[in-house]
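Peer 1: Can you read through this structure? Questions will come right after.
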Amino acid sequence: MDPISLVGALLILIGVFVGALLKGVSPVAFFTVPAAFLIVVLPTFGAAFLGTTTSDAKNLPRLFKMMFRKGEGEDGDVVPTIVGLGERARRDGLLSLESELDQLEDPFLRKGLQMVVDGADPEIVEEVLDSEIRAMSSRHRQGAKMITSMGTYSPTFGIIGAVVGLIVTLGKLDNPSELGHGIAAAFIATFWGVFLANGIFLPWAAKLGRLSALEVARKRMLVEAVLGIQSGFNPRVLGDLVRSHLPPSRASSTAEPERSSA
């Protein structure tokens, strides 16, 4: 789990509900009108599903888990693996890497090196891997687009819920004692629409976009690493190439110690 995502969620909940409590509004009040919550939540998901496909909608639970997932693009653990493969390729030839492929956990790196071992031209290797990256990026954009649409729909359905509540309230003008309660209940739907949009859906979509960018960057780094191994780069140069894609803190922690002169 990404700790900063958890911190962000806690800040949202504390800021909204504790802030409401300090203003004299009990957080329980937001849950006392189930109809308002129903009018906002179900139509929001319904509108999102109406605008997408079954396969995209089935990915919703996985997309939710990704909200709290740590990005892969800042992972420097791949550096020793890349350097070791480069050393093996320079010492024993590209064909010697075939025995290492089954031990690689990253399927993208394994696929690239398999093409190298099979003797594919560098242009072909790069085109195939880039094609896979583009397809992955397209899938990610569709997932983020669905969540963004939910952030667009929910405030509108919150207004619809408020209108419905006001219609009920205006029908009780002959009973002034119930007007205040009715108006307050009507605006609970507006609260849920705006809260879900800005507290959940839009940050969720932003996190998906960031994770996608990190994964794309990581895969492009692996493409350069595979092509470097195929071209016979010096392992030290290969390590520097991979580390150049990492944040400075991660790059320095994976840097090779300088050899002391005799």
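Each chain in the structure tokens gets a letter, A, B and so on, in the order shown; residues start at 1 in every chain, and ligands are counted from 1 in the order they appear.
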For region 61-165 of chain A against region 202-209 of chain A, with a cut-off of 7 Å and counting only C-alpha atoms, what is the closest atom pair and its distance in Å to one decimal for every residue that makes the cut, ordered by chain and number, as JSON lines?
Peer 2:
```
{"residue": "A:Met67", "atom": "CA", "partner": "A:Trp204", "partner_atom": "CA", "distance": 5.8}
{"residue": "A:Ala144", "atom": "CA", "partner": "A:Ala205", "partner_atom": "CA", "distance": 4.9}
{"residue": "A:Ile147", "atom": "CA", "partner": "A:Ala205", "partner_atom": "CA", "distance": 5.5}
{"residue": "A:Thr148", "atom": "CA", "partner": "A:Ala205", "partner_atom": "CA", "distance": 5.6}
{"residue": "A:Gly151", "atom": "CA", "partner": "A:Leu202", "partner_atom": "CA", "distance": 5.4}
```
Peer 1: Store the residues of this selection in a file with N, CA and C atoms, as a PDB file, in the first residue's frame.
Peer 2:
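Result saved to part_12.pdb:
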```pdb
ATOM      1  N   MET A  67      -5.973   2.466  -6.346  1.00  0.00           N
ATOM      2  CA  MET A  67      -5.960   3.776  -5.712  1.00  0.00           C
ATOM      3  C   MET A  67      -4.924   3.843  -4.592  1.00  0.00           C
ATOM      4  N   ALA A 144      -9.094   5.355 -16.440  1.00  0.00           N
ATOM      5  CA  ALA A 144      -9.102   6.674 -15.807  1.00  0.00           C
ATOM      6  C   ALA A 144     -10.258   7.522 -16.324  1.00  0.00           C
ATOM      7  N   ILE A 147     -13.511   6.615 -14.480  1.00  0.00           N
ATOM      8  CA  ILE A 147     -13.576   7.168 -13.126  1.00  0.00           C
ATOM      9  C   ILE A 147     -13.762   8.683 -13.178  1.00  0.00           C
ATOM     10  N   THR A 148     -13.118   9.347 -14.133  1.00  0.00           N
ATOM     11  CA  THR A 148     -13.301  10.790 -14.281  1.00  0.00           C
ATOM     12  C   THR A 148     -14.751  11.120 -14.608  1.00  0.00           C
ATOM     13  N   GLY A 151     -16.756  11.278 -11.575  1.00  0.00           N
ATOM     14  CA  GLY A 151     -16.563  12.535 -10.873  1.00  0.00           C
ATOM     15  C   GLY A 151     -17.317  13.682 -11.520  1.00  0.00           C
TER      16      GLY A 151
END
```
Peer 1: Among region 51-131 of chain A, which ones does DSSP place in helix (DSSP H, G or I), written as a ChimeraX atom specification?
Peer 2: /A:54-58,60-66,78-92,94-103,107-117,122-131
Peer 1: Looking at only C-alpha atoms, which of A:Thr152, A:Glu123, A:Val33, A:Ala57 is the one that sits closest to Ile183 (chain A)?
Peer 2: A:Val33
Peer 1: I'd like the contact shell of Leu101 (chain A) - 9 Å cut-off, only C-alpha atoms, skipping same-chain residues fewer than 4 positions apart - returned as an mmCIF file with N, CA and C atoms, in the first residue's frame.
Peer 2:
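The file below, around.cif, is the result:
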```cif
data_model
loop_
_atom_site.group_PDB
_atom_site.id
_atom_site.type_symbol
_atom_site.label_atom_id
_atom_site.label_comp_id
_atom_site.auth_asym_id
_atom_site.auth_seq_id
_atom_site.Cartn_x
_atom_site.Cartn_y
_atom_site.Cartn_z
ATOM 1 N N LEU A 97 21.827 -15.762 -22.365
ATOM 2 C CA LEU A 97 20.752 -15.188 -21.557
ATOM 3 C C LEU A 97 19.525 -16.091 -21.508
ATOM 4 N N GLU A 105 11.198 -12.063 -13.210
ATOM 5 C CA GLU A 105 9.818 -11.904 -12.764
ATOM 6 C C GLU A 105 9.025 -10.976 -13.674
ATOM 7 N N LEU A 109 10.177 -7.495 -19.533
ATOM 8 C CA LEU A 109 11.619 -7.641 -19.720
ATOM 9 C C LEU A 109 11.942 -9.011 -20.308
ATOM 10 N N ARG A 110 11.255 -10.036 -19.826
ATOM 11 C CA ARG A 110 11.482 -11.388 -20.334
ATOM 12 C C ARG A 110 11.133 -11.470 -21.820
ATOM 13 N N LYS A 111 10.040 -10.830 -22.213
ATOM 14 C CA LYS A 111 9.628 -10.860 -23.624
ATOM 15 C C LYS A 111 10.669 -10.179 -24.499
ATOM 16 N N LEU A 113 13.918 -9.684 -23.914
ATOM 17 C CA LEU A 113 15.153 -10.452 -23.984
ATOM 18 C C LEU A 113 14.977 -11.736 -24.791
ATOM 19 N N GLN A 114 13.762 -12.297 -24.760
ATOM 20 C CA GLN A 114 13.517 -13.493 -25.563
ATOM 21 C C GLN A 114 13.662 -13.177 -27.049
#
```
Peer 1: I want to know what sits within 7 Å of region 238-245 of chain A, based on only C-alpha atoms, with residues of the same chain fewer than 3 positions away left out; could you give that as number ranges by chain?
Peer 2: A: 79, 83, 221, 225, 228, 233-235, 251
Peer 1: Restricting it to C-alpha atoms, dump the selection as a PDB file, in the first residue's frame.
Peer 2:
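Generated file (again_29.pdb):
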```pdb
ATOM      1  CA  VAL A  79      19.161  -2.063 -11.798  1.00  0.00           C
ATOM      2  CA  VAL A  83      23.605  -4.906 -15.023  1.00  0.00           C
ATOM      3  CA  MET A 221      13.408   2.268 -19.423  1.00  0.00           C
ATOM      4  CA  ALA A 225      17.943  -1.578 -21.287  1.00  0.00           C
ATOM      5  CA  GLY A 228      21.531  -1.689 -24.669  1.00  0.00           C
ATOM      6  CA  PHE A 233      26.818  -1.804 -23.832  1.00  0.00           C
ATOM      7  CA  ASN A 234      29.386  -1.789 -21.071  1.00  0.00           C
ATOM      8  CA  PRO A 235      27.586  -2.948 -17.870  1.00  0.00           C
ATOM      9  CA  ALA A 251      19.373   6.440  -8.388  1.00  0.00           C
TER      10      ALA A 251
END
```
Peer 1: List the spatial neighbours of Glu132 (chain A) as a list in words - criterion: any atom at most 12 Å away, only C-alpha atoms, same-chain residues fewer than 4 positions off excluded.
Peer 2: Pro107, Phe108, Leu109, Lys111, Gly112, Val125, Glu126, Glu127, Val128, Met136, Ser137, Ser138, Arg139, Val216, Lys219, Arg220 and Val223 of chain A
Peer 1: Take the selection from the previous step and output its residues with C-alpha atoms, as a PDB file, in the first residue's frame.
Peer 2:
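Ended up saving to selection10.pdb:
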```
ATOM      1  CA  PRO A 107       7.160 -10.510 -18.203  1.00  0.00           C
ATOM      2  CA  PHE A 108       7.866  -7.392 -20.272  1.00  0.00           C
ATOM      3  CA  LEU A 109      11.619  -7.641 -19.720  1.00  0.00           C
ATOM      4  CA  LYS A 111       9.628 -10.860 -23.624  1.00  0.00           C
ATOM      5  CA  GLY A 112      12.165  -8.305 -24.843  1.00  0.00           C
ATOM      6  CA  VAL A 125      12.415  -5.495 -30.818  1.00  0.00           C
ATOM      7  CA  GLU A 126      11.800  -1.804 -30.226  1.00  0.00           C
ATOM      8  CA  GLU A 127       8.647  -1.717 -32.369  1.00  0.00           C
ATOM      9  CA  VAL A 128       7.076  -4.762 -30.690  1.00  0.00           C
ATOM     10  CA  MET A 136      -1.252  -0.714 -22.227  1.00  0.00           C
ATOM     11  CA  SER A 137      -1.418   3.084 -22.100  1.00  0.00           C
ATOM     12  CA  SER A 138      -4.673   3.034 -24.073  1.00  0.00           C
ATOM     13  CA  ARG A 139      -6.237   0.601 -21.582  1.00  0.00           C
ATOM     14  CA  VAL A 216       4.955   3.625 -19.090  1.00  0.00           C
ATOM     15  CA  LYS A 219       8.665   0.017 -19.494  1.00  0.00           C
ATOM     16  CA  ARG A 220      10.421   2.530 -21.742  1.00  0.00           C
ATOM     17  CA  VAL A 223      13.153  -1.072 -23.671  1.00  0.00           C
TER      18      VAL A 223
END
```
Peer 1: Taking into account only C-alpha atoms, which residue in the set A:Thr44, A:Asn59, A:Ala36, A:Leu11 is nearest to Pro155 (chain A)?
Peer 2: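 Comparing A:Thr44, A:Asn59, A:Ala36, A:Leu11 against Pro155 (chain A), the winner is A:Thr44.
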Peer 1: Measuring between only C-alpha atoms, which one of A:Ala217, A:Arg62, A:Ile4, A:Thr156 shows the shortest distance to Asp130 (chain A)?
Peer 2: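 The shortest atom-to-atom distance to Asp130 (chain A) comes from A:Ala217.
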Peer 1: Closest to Gly46 (chain A) among A:Leu10, A:Ile159, A:Ile124, A:Met150, using only C-alpha atoms?
Peer 2: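 Smallest separation from Gly46 (chain A) among the options: A:Met150.
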Peer 1: Could you jot down the CA of Thr169 (chain A) to CA of Ile188 (chain A) separation for me, Å, one decimal place?
Peer 2: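 Computed distance, CA of Thr169 (chain A) to CA of Ile188 (chain A), equals 13.5 Å.
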Peer 1: Tell me which protein, DNA and RNA residues are within 10 Å of region 20-29 of chain A, counting only C-alpha atoms, leaving out same-chain ones fewer than 6 positions away, and put them as JSON, numbers by chain.
Peer 2: {"A": [14, 184, 185, 188]}
Peer 1: What is the distance, in Å and to one decimal place, between CA of Phe191 (chain A) and CA of Leu60 (chain A)?
Peer 2: 23.7 Å
Peer 1: I want to know what sits within 9 Å of Phe68 (chain A), based on only C-alpha atoms, with residues of the same chain fewer than 6 positions away left out; could you give that as a short mmCIF file (atom, residue, chain, number, x, y, z; two decimals) with C-alpha atoms, in the first residue's frame?
Peer 2:
```
data_model
loop_
_atom_site.label_atom_id
_atom_site.label_comp_id
_atom_site.auth_asym_id
_atom_site.auth_seq_id
_atom_site.Cartn_x
_atom_site.Cartn_y
_atom_site.Cartn_z
CA MET A 1 0.00 0.00 0.00
CA ASP A 2 1.16 3.50 -0.81
CA PRO A 3 1.24 5.36 2.54
CA ILE A 4 0.74 8.79 0.99
CA SER A 5 -2.58 7.65 -0.52
CA LEU A 6 -3.74 6.53 2.91
CA LYS A 207 -3.92 8.43 -9.18
#
```
Peer 1: Which residue gives the smallest distance to Leu129 (chain A) among A:Leu214, A:Gly199, A:Leu222, A:Gln230, with only C-alpha atoms counted?
Peer 2: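 Going through A:Leu214, A:Gly199, A:Leu222, A:Gln230 one by one, the smallest distance to Leu129 (chain A) is for A:Leu222.
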